[in-house]
>>> print(open('structure38.txt').read())   # compact mmCIF, N, CA and C atoms
# COMPACT_ATOMS: atom_id res chain seq x y z
N MET A 1 4.77 6.08 -7.42
CA MET A 1 5.55 7.27 -7.54
C MET A 1 6.53 7.31 -6.37
N ILE A 2 7.76 7.65 -6.69
CA ILE A 2 8.76 7.87 -5.65
C ILE A 2 9.48 9.17 -5.98
N MET A 3 9.63 10.00 -4.97
CA MET A 3 10.31 11.27 -5.15
C MET A 3 11.51 11.30 -4.21
N TYR A 4 12.63 11.76 -4.73
CA TYR A 4 13.86 11.77 -3.95
C TYR A 4 14.75 12.92 -4.41
N ARG A 5 15.76 13.17 -3.62
CA ARG A 5 16.79 14.14 -4.01
C ARG A 5 18.10 13.73 -3.35
N ILE A 6 19.18 14.13 -3.97
CA ILE A 6 20.48 13.99 -3.35
C ILE A 6 20.62 15.22 -2.45
N ASN A 7 20.87 14.99 -1.19
CA ASN A 7 20.88 16.06 -0.22
C ASN A 7 22.22 16.06 0.50
N ASN A 8 22.44 17.03 1.38
CA ASN A 8 23.69 17.09 2.14
C ASN A 8 23.39 17.37 3.60
N ARG A 9 23.83 16.49 4.44
CA ARG A 9 23.57 16.58 5.88
C ARG A 9 24.17 17.84 6.48
N ASP A 10 25.27 18.32 5.91
CA ASP A 10 25.99 19.46 6.48
C ASP A 10 25.51 20.81 5.95
N LYS A 11 24.62 20.80 5.02
CA LYS A 11 24.08 22.04 4.44
C LYS A 11 23.23 22.78 5.49
N SER A 12 23.21 24.08 5.40
CA SER A 12 22.36 24.88 6.28
C SER A 12 21.00 25.04 5.61
N TYR A 13 19.94 24.67 6.30
CA TYR A 13 18.59 24.72 5.74
C TYR A 13 17.80 25.85 6.39
N PRO A 14 16.94 26.53 5.64
CA PRO A 14 16.11 27.59 6.23
C PRO A 14 14.89 27.03 6.98
N TRP A 15 14.75 25.73 7.04
CA TRP A 15 13.66 25.08 7.75
C TRP A 15 14.25 23.99 8.65
N LYS A 16 13.47 23.52 9.60
CA LYS A 16 13.94 22.49 10.53
C LYS A 16 14.02 21.14 9.81
N THR A 17 15.12 20.46 10.00
CA THR A 17 15.29 19.10 9.48
C THR A 17 15.72 18.18 10.63
N ALA A 18 15.67 16.90 10.38
CA ALA A 18 16.12 15.92 11.37
C ALA A 18 17.58 15.53 11.13
N PHE A 19 18.15 15.95 10.00
CA PHE A 19 19.47 15.47 9.60
C PHE A 19 20.55 15.75 10.65
N SER A 20 20.52 16.95 11.23
CA SER A 20 21.56 17.30 12.20
C SER A 20 21.43 16.52 13.51
N GLU A 21 20.29 15.88 13.71
CA GLU A 21 20.08 15.09 14.93
C GLU A 21 20.49 13.62 14.76
N ILE A 22 20.91 13.27 13.56
CA ILE A 22 21.31 11.89 13.26
C ILE A 22 22.83 11.81 13.31
N ASP A 23 23.34 10.75 13.89
CA ASP A 23 24.77 10.54 14.05
C ASP A 23 25.53 10.84 12.76
N ARG A 24 26.44 11.80 12.82
CA ARG A 24 27.21 12.23 11.64
C ARG A 24 28.02 11.09 11.05
N THR A 25 28.45 10.13 11.86
CA THR A 25 29.28 9.04 11.35
C THR A 25 28.53 8.10 10.41
N LEU A 26 27.19 8.17 10.41
CA LEU A 26 26.42 7.35 9.47
C LEU A 26 26.56 7.85 8.03
N PHE A 27 26.86 9.13 7.89
CA PHE A 27 26.92 9.75 6.57
C PHE A 27 28.32 9.66 5.99
N GLN A 28 28.39 9.65 4.67
CA GLN A 28 29.70 9.63 4.04
C GLN A 28 30.42 10.95 4.31
N GLU A 29 31.72 10.97 4.07
CA GLU A 29 32.57 12.09 4.45
C GLU A 29 32.06 13.44 3.94
N ASP A 30 31.57 13.49 2.69
CA ASP A 30 31.12 14.78 2.13
C ASP A 30 29.70 15.15 2.55
N GLY A 31 29.06 14.31 3.37
CA GLY A 31 27.73 14.63 3.90
C GLY A 31 26.56 14.32 2.99
N ARG A 32 26.84 13.89 1.77
CA ARG A 32 25.75 13.63 0.83
C ARG A 32 25.00 12.35 1.17
N PHE A 33 23.71 12.35 0.86
CA PHE A 33 22.87 11.17 1.03
C PHE A 33 21.68 11.32 0.09
N LEU A 34 20.98 10.22 -0.13
CA LEU A 34 19.78 10.25 -0.95
C LEU A 34 18.59 10.27 0.00
N GLU A 35 17.74 11.26 -0.17
CA GLU A 35 16.56 11.41 0.68
C GLU A 35 15.30 11.05 -0.10
N ILE A 36 14.56 10.08 0.39
CA ILE A 36 13.24 9.77 -0.16
C ILE A 36 12.25 10.63 0.61
N PHE A 37 11.55 11.51 -0.10
CA PHE A 37 10.60 12.36 0.61
C PHE A 37 9.16 12.09 0.23
N ASN A 38 8.93 11.18 -0.71
CA ASN A 38 7.56 10.79 -1.02
C ASN A 38 7.56 9.45 -1.74
N LEU A 39 6.75 8.54 -1.28
CA LEU A 39 6.54 7.25 -1.93
C LEU A 39 5.05 6.98 -1.85
N TRP A 40 4.43 6.80 -2.99
CA TRP A 40 2.99 6.60 -3.02
C TRP A 40 2.64 5.58 -4.09
N ILE A 41 1.81 4.62 -3.71
CA ILE A 41 1.29 3.60 -4.62
C ILE A 41 -0.23 3.71 -4.59
N ASP A 42 -0.85 3.78 -5.76
CA ASP A 42 -2.31 3.83 -5.85
C ASP A 42 -2.90 2.63 -5.12
N SER A 43 -3.99 2.86 -4.41
CA SER A 43 -4.58 1.79 -3.59
C SER A 43 -4.96 0.55 -4.40
N ASP A 44 -5.24 0.70 -5.68
CA ASP A 44 -5.56 -0.46 -6.52
C ASP A 44 -4.35 -1.34 -6.80
N TYR A 45 -3.15 -0.83 -6.55
CA TYR A 45 -1.91 -1.55 -6.89
C TYR A 45 -1.03 -1.86 -5.69
N ARG A 46 -1.53 -1.64 -4.50
CA ARG A 46 -0.75 -1.91 -3.30
C ARG A 46 -0.65 -3.42 -3.04
N ARG A 47 0.35 -3.77 -2.25
CA ARG A 47 0.59 -5.18 -1.88
C ARG A 47 0.95 -6.05 -3.08
N GLN A 48 1.57 -5.43 -4.10
CA GLN A 48 2.02 -6.17 -5.27
C GLN A 48 3.54 -6.05 -5.48
N GLY A 49 4.23 -5.49 -4.49
CA GLY A 49 5.68 -5.38 -4.57
C GLY A 49 6.18 -4.12 -5.25
N LEU A 50 5.30 -3.20 -5.60
CA LEU A 50 5.74 -1.99 -6.32
C LEU A 50 6.59 -1.07 -5.45
N ALA A 51 6.23 -0.88 -4.20
CA ALA A 51 7.04 -0.04 -3.32
C ALA A 51 8.43 -0.64 -3.14
N THR A 52 8.49 -1.95 -2.95
CA THR A 52 9.79 -2.63 -2.84
C THR A 52 10.60 -2.43 -4.11
N TYR A 53 9.97 -2.63 -5.25
CA TYR A 53 10.65 -2.45 -6.54
C TYR A 53 11.21 -1.03 -6.66
N LEU A 54 10.41 -0.03 -6.35
CA LEU A 54 10.86 1.36 -6.47
C LEU A 54 12.02 1.66 -5.53
N LYS A 55 11.95 1.16 -4.31
CA LYS A 55 13.02 1.41 -3.36
C LYS A 55 14.32 0.72 -3.78
N LEU A 56 14.21 -0.48 -4.33
CA LEU A 56 15.41 -1.18 -4.80
C LEU A 56 16.01 -0.49 -6.02
N LYS A 57 15.18 0.03 -6.91
CA LYS A 57 15.68 0.78 -8.07
C LYS A 57 16.38 2.05 -7.59
N LEU A 58 15.86 2.64 -6.53
CA LEU A 58 16.46 3.85 -6.00
C LEU A 58 17.85 3.57 -5.41
N GLU A 59 18.05 2.37 -4.90
CA GLU A 59 19.38 2.00 -4.43
C GLU A 59 20.38 2.04 -5.58
N GLU A 60 19.95 1.58 -6.76
CA GLU A 60 20.81 1.65 -7.95
C GLU A 60 21.13 3.10 -8.30
N GLU A 61 20.15 3.96 -8.15
CA GLU A 61 20.34 5.39 -8.43
C GLU A 61 21.35 5.99 -7.44
N ALA A 62 21.26 5.61 -6.19
CA ALA A 62 22.20 6.10 -5.18
C ALA A 62 23.63 5.69 -5.55
N VAL A 63 23.81 4.44 -5.91
CA VAL A 63 25.13 3.95 -6.29
C VAL A 63 25.65 4.73 -7.50
N LYS A 64 24.78 4.96 -8.46
CA LYS A 64 25.17 5.72 -9.66
C LYS A 64 25.68 7.12 -9.30
N HIS A 65 25.11 7.71 -8.25
CA HIS A 65 25.52 9.05 -7.82
C HIS A 65 26.58 9.02 -6.71
N LYS A 66 27.11 7.81 -6.46
CA LYS A 66 28.16 7.62 -5.44
C LYS A 66 27.71 8.10 -4.06
N VAL A 67 26.50 7.70 -3.72
CA VAL A 67 25.93 8.00 -2.41
C VAL A 67 25.72 6.68 -1.69
N ASN A 68 26.15 6.60 -0.42
CA ASN A 68 26.07 5.31 0.27
C ASN A 68 25.06 5.28 1.41
N LEU A 69 24.18 6.29 1.50
CA LEU A 69 23.19 6.31 2.55
C LEU A 69 21.86 6.79 1.98
N ILE A 70 20.79 6.07 2.29
CA ILE A 70 19.45 6.48 1.91
C ILE A 70 18.69 6.80 3.20
N TYR A 71 18.02 7.93 3.20
CA TYR A 71 17.26 8.40 4.35
C TYR A 71 15.79 8.53 3.97
N THR A 72 14.91 8.17 4.89
CA THR A 72 13.49 8.40 4.73
C THR A 72 12.87 8.55 6.12
N HIS A 73 11.67 9.06 6.17
CA HIS A 73 10.94 9.09 7.43
C HIS A 73 9.46 8.91 7.17
N THR A 74 8.76 8.51 8.21
CA THR A 74 7.32 8.31 8.14
C THR A 74 6.72 8.57 9.51
N GLU A 75 5.44 8.82 9.54
CA GLU A 75 4.77 9.01 10.83
C GLU A 75 4.79 7.70 11.61
N GLU A 76 4.90 7.81 12.93
CA GLU A 76 5.10 6.61 13.75
C GLU A 76 3.94 5.62 13.69
N HIS A 77 2.76 6.04 13.27
CA HIS A 77 1.63 5.11 13.20
C HIS A 77 1.60 4.32 11.89
N ASN A 78 2.49 4.60 10.96
CA ASN A 78 2.54 3.89 9.67
C ASN A 78 3.33 2.59 9.80
N ASP A 79 2.78 1.67 10.56
CA ASP A 79 3.48 0.41 10.83
C ASP A 79 3.86 -0.34 9.57
N HIS A 80 2.98 -0.35 8.56
CA HIS A 80 3.28 -1.08 7.32
C HIS A 80 4.47 -0.47 6.58
N VAL A 81 4.63 0.85 6.64
CA VAL A 81 5.76 1.51 6.00
C VAL A 81 7.05 1.21 6.77
N ILE A 82 6.98 1.28 8.08
CA ILE A 82 8.15 0.97 8.91
C ILE A 82 8.56 -0.48 8.69
N GLU A 83 7.59 -1.38 8.66
CA GLU A 83 7.87 -2.81 8.43
C GLU A 83 8.55 -3.03 7.08
N LEU A 84 8.03 -2.39 6.03
CA LEU A 84 8.63 -2.52 4.70
C LEU A 84 10.08 -2.05 4.72
N ASN A 85 10.32 -0.88 5.31
CA ASN A 85 11.68 -0.35 5.34
C ASN A 85 12.62 -1.27 6.10
N LYS A 86 12.19 -1.77 7.23
CA LYS A 86 13.04 -2.67 8.01
C LYS A 86 13.31 -3.97 7.24
N LYS A 87 12.30 -4.46 6.53
CA LYS A 87 12.47 -5.67 5.70
C LYS A 87 13.54 -5.44 4.63
N LEU A 88 13.64 -4.20 4.15
CA LEU A 88 14.61 -3.86 3.10
C LEU A 88 15.97 -3.45 3.66
N GLY A 89 16.13 -3.52 4.99
CA GLY A 89 17.43 -3.25 5.58
C GLY A 89 17.61 -1.86 6.17
N TYR A 90 16.54 -1.11 6.28
CA TYR A 90 16.62 0.21 6.91
C TYR A 90 16.60 0.03 8.42
N GLU A 91 17.25 0.96 9.12
CA GLU A 91 17.22 0.93 10.57
C GLU A 91 16.72 2.27 11.09
N GLU A 92 16.00 2.20 12.19
CA GLU A 92 15.50 3.42 12.82
C GLU A 92 16.66 4.15 13.49
N VAL A 93 16.77 5.46 13.21
CA VAL A 93 17.87 6.25 13.79
C VAL A 93 17.37 7.46 14.57
N ARG A 94 16.10 7.74 14.48
CA ARG A 94 15.55 8.90 15.18
C ARG A 94 14.05 8.75 15.29
N ARG A 95 13.50 9.25 16.41
CA ARG A 95 12.06 9.24 16.62
C ARG A 95 11.70 10.56 17.30
N GLY A 96 10.77 11.30 16.70
CA GLY A 96 10.33 12.55 17.30
C GLY A 96 9.77 13.49 16.25
N PRO A 97 9.25 14.63 16.69
CA PRO A 97 8.73 15.61 15.73
C PRO A 97 9.88 16.25 14.95
N ILE A 98 9.55 16.74 13.76
CA ILE A 98 10.54 17.44 12.95
C ILE A 98 10.13 18.90 12.82
N TRP A 99 9.10 19.18 12.06
CA TRP A 99 8.68 20.57 11.83
C TRP A 99 7.32 20.89 12.43
N ASP A 100 6.67 19.89 13.01
CA ASP A 100 5.38 20.09 13.67
C ASP A 100 5.33 19.13 14.86
N SER A 101 4.18 18.90 15.42
CA SER A 101 4.11 18.06 16.62
C SER A 101 3.96 16.57 16.33
N ILE A 102 3.86 16.18 15.06
CA ILE A 102 3.69 14.76 14.70
C ILE A 102 5.01 14.01 14.89
N VAL A 103 4.95 12.89 15.59
CA VAL A 103 6.15 12.07 15.79
C VAL A 103 6.43 11.29 14.52
N ARG A 104 7.65 11.42 14.05
CA ARG A 104 8.08 10.72 12.83
C ARG A 104 9.27 9.82 13.16
N ILE A 105 9.34 8.71 12.44
CA ILE A 105 10.44 7.76 12.56
C ILE A 105 11.37 8.02 11.38
N SER A 106 12.63 8.32 11.67
CA SER A 106 13.65 8.47 10.64
C SER A 106 14.37 7.15 10.49
N LEU A 107 14.52 6.71 9.23
CA LEU A 107 15.18 5.43 8.94
C LEU A 107 16.26 5.65 7.89
N VAL A 108 17.34 4.91 8.01
CA VAL A 108 18.42 4.98 7.02
C VAL A 108 18.82 3.58 6.59
N LYS A 109 19.37 3.53 5.39
CA LYS A 109 19.97 2.29 4.89
C LYS A 109 21.33 2.65 4.34
N ARG A 110 22.34 1.99 4.86
CA ARG A 110 23.70 2.17 4.35
C ARG A 110 23.92 1.17 3.24
N LEU A 111 24.44 1.66 2.13
CA LEU A 111 24.76 0.81 1.00
C LEU A 111 26.24 0.49 1.01
N LYS A 112 26.59 -0.65 0.45
CA LYS A 112 28.00 -1.07 0.44
C LYS A 112 28.70 -0.55 -0.77
>>> encode(input="structure38.txt", output="structure tokens")
Amino acid sequence: MIMYRINNRDKSYPWKTAFSEIDRTLFQEDGRFLEIFNLWIDSDYRRQGLATYLKLKLEEEAVKHKVNLIYTHTEEHNDHVIELNKKLGYEEVRRGPIWDSIVRISLVKRLK
């Protein structure tokens, strides 16, 4: 399962986000980006390439919506998630708490 939304970095949110702390020049002019906010693979099906497949399909979705940046975050102890994202071309752009005291790593991938 992968859950995402087309979001806008410049929108005013009633809750704390990390978006305003990320370099504005990474985002396209209108501020839109695709945010992955949940990715989950059943433990019986992990390590079979499903997360990679879902993330690559989501890149196609971003292109279809004329969005050139994908954003995601994970807790800093999720080394396997960070490794997967970096393998797929994501780069770390922020590290720190967002809405609670848990340190999260924010990662983005710019699409061509």
>>> residues_around(input="structure38.txt", residues="Leu39 (chain A)", least_positions_apart="5", cutoff="8 Å", atoms="only C-alpha atoms", output="list in words")
Met1, Ile2, Met3 and Ala51 of chain A
>>> residues_around(input="structure38.txt", residues="region 76-88 of chain A", least_positions_apart="2", cutoff="6 Å", atoms="all atoms listed in the file", output="number ranges by chain")
A: 74, 90-91, 103-105
>>> atom_distance(input="structure38.txt", atom1="atom C of Glu21 (chain A)", atom2="atom N of Arg5 (chain A)")
19.0 Å
>>> atom_distance(input="structure38.txt", atom1="atom N of Asp44 (chain A)", atom2="CA of Ile98 (chain A)")
29.6 Å
>>> atom_distance(input="structure38.txt", atom1="atom C of Asn38 (chain A)", atom2="atom C of Leu111 (chain A)")
20.9 Å
>>> select_by_dssp(input="structure38.txt", residues="region 7-80 of chain A", states="strand (DSSP E or B)", output="number ranges by chain")
A: 7-8, 32-39, 69-75
>>> axis_aligned_box(input="structure38.txt", around="region 79-85 of chain A", padding_each_side="4 Å", output="lines of an AutoDock Vina configuration file")
center_x = 7.7
center_y = -0.7
center_z = 7.8
size_x = 17.8
size_y = 12.7
size_z = 14.1
>>> closest_residue(input="structure38.txt", among="A:Arg24, A:Arg47, A:Arg32, A:Lys57", to="Ile70 (chain A)", atoms="all atoms listed in the file")
A:Arg32
>>> select_by_dssp(input="structure38.txt", residues="region 19-87 of chain A", states="helix (DSSP H, G or I)", output="PyMOL selection string")
chain A and resi 19-21+24-26+43-45+50-64+79-87
>>> closest_residue(input="structure38.txt", among="A:Leu69, A:Ile102, A:Ala18, A:Leu54", to="Gly31 (chain A)", atoms="only C-alpha atoms")
A:Leu69
>>> closest_residue(input="structure38.txt", among="A:Arg46, A:Leu58, A:Thr52, A:Val93", to="Asp23 (chain A)", atoms="all atoms listed in the file")
A:Val93
>>> residues_around(input="structure38.txt", residues="Trp99 (chain A)", least_positions_apart="4", cutoff="9 Å", atoms="only C-alpha atoms", output="mmCIF file with N, CA and C atoms, keeping the file's coordinate frame")
data_model
loop_
_atom_site.group_PDB
_atom_site.id
_atom_site.type_symbol
_atom_site.label_atom_id
_atom_site.label_comp_id
_atom_site.auth_asym_id
_atom_site.auth_seq_id
_atom_site.Cartn_x
_atom_site.Cartn_y
_atom_site.Cartn_z
ATOM 1 N N TRP A 15 14.750 25.730 7.040
ATOM 2 C CA TRP A 15 13.660 25.080 7.750
ATOM 3 C C TRP A 15 14.250 23.990 8.650
ATOM 4 N N LYS A 16 13.470 23.520 9.600
ATOM 5 C CA LYS A 16 13.940 22.490 10.530
ATOM 6 C C LYS A 16 14.020 21.140 9.810
ATOM 7 N N THR A 17 15.120 20.460 10.000
ATOM 8 C CA THR A 17 15.290 19.100 9.480
ATOM 9 C C THR A 17 15.720 18.180 10.630
ATOM 10 N N ALA A 18 15.670 16.900 10.380
ATOM 11 C CA ALA A 18 16.120 15.920 11.370
ATOM 12 C C ALA A 18 17.580 15.530 11.130
#
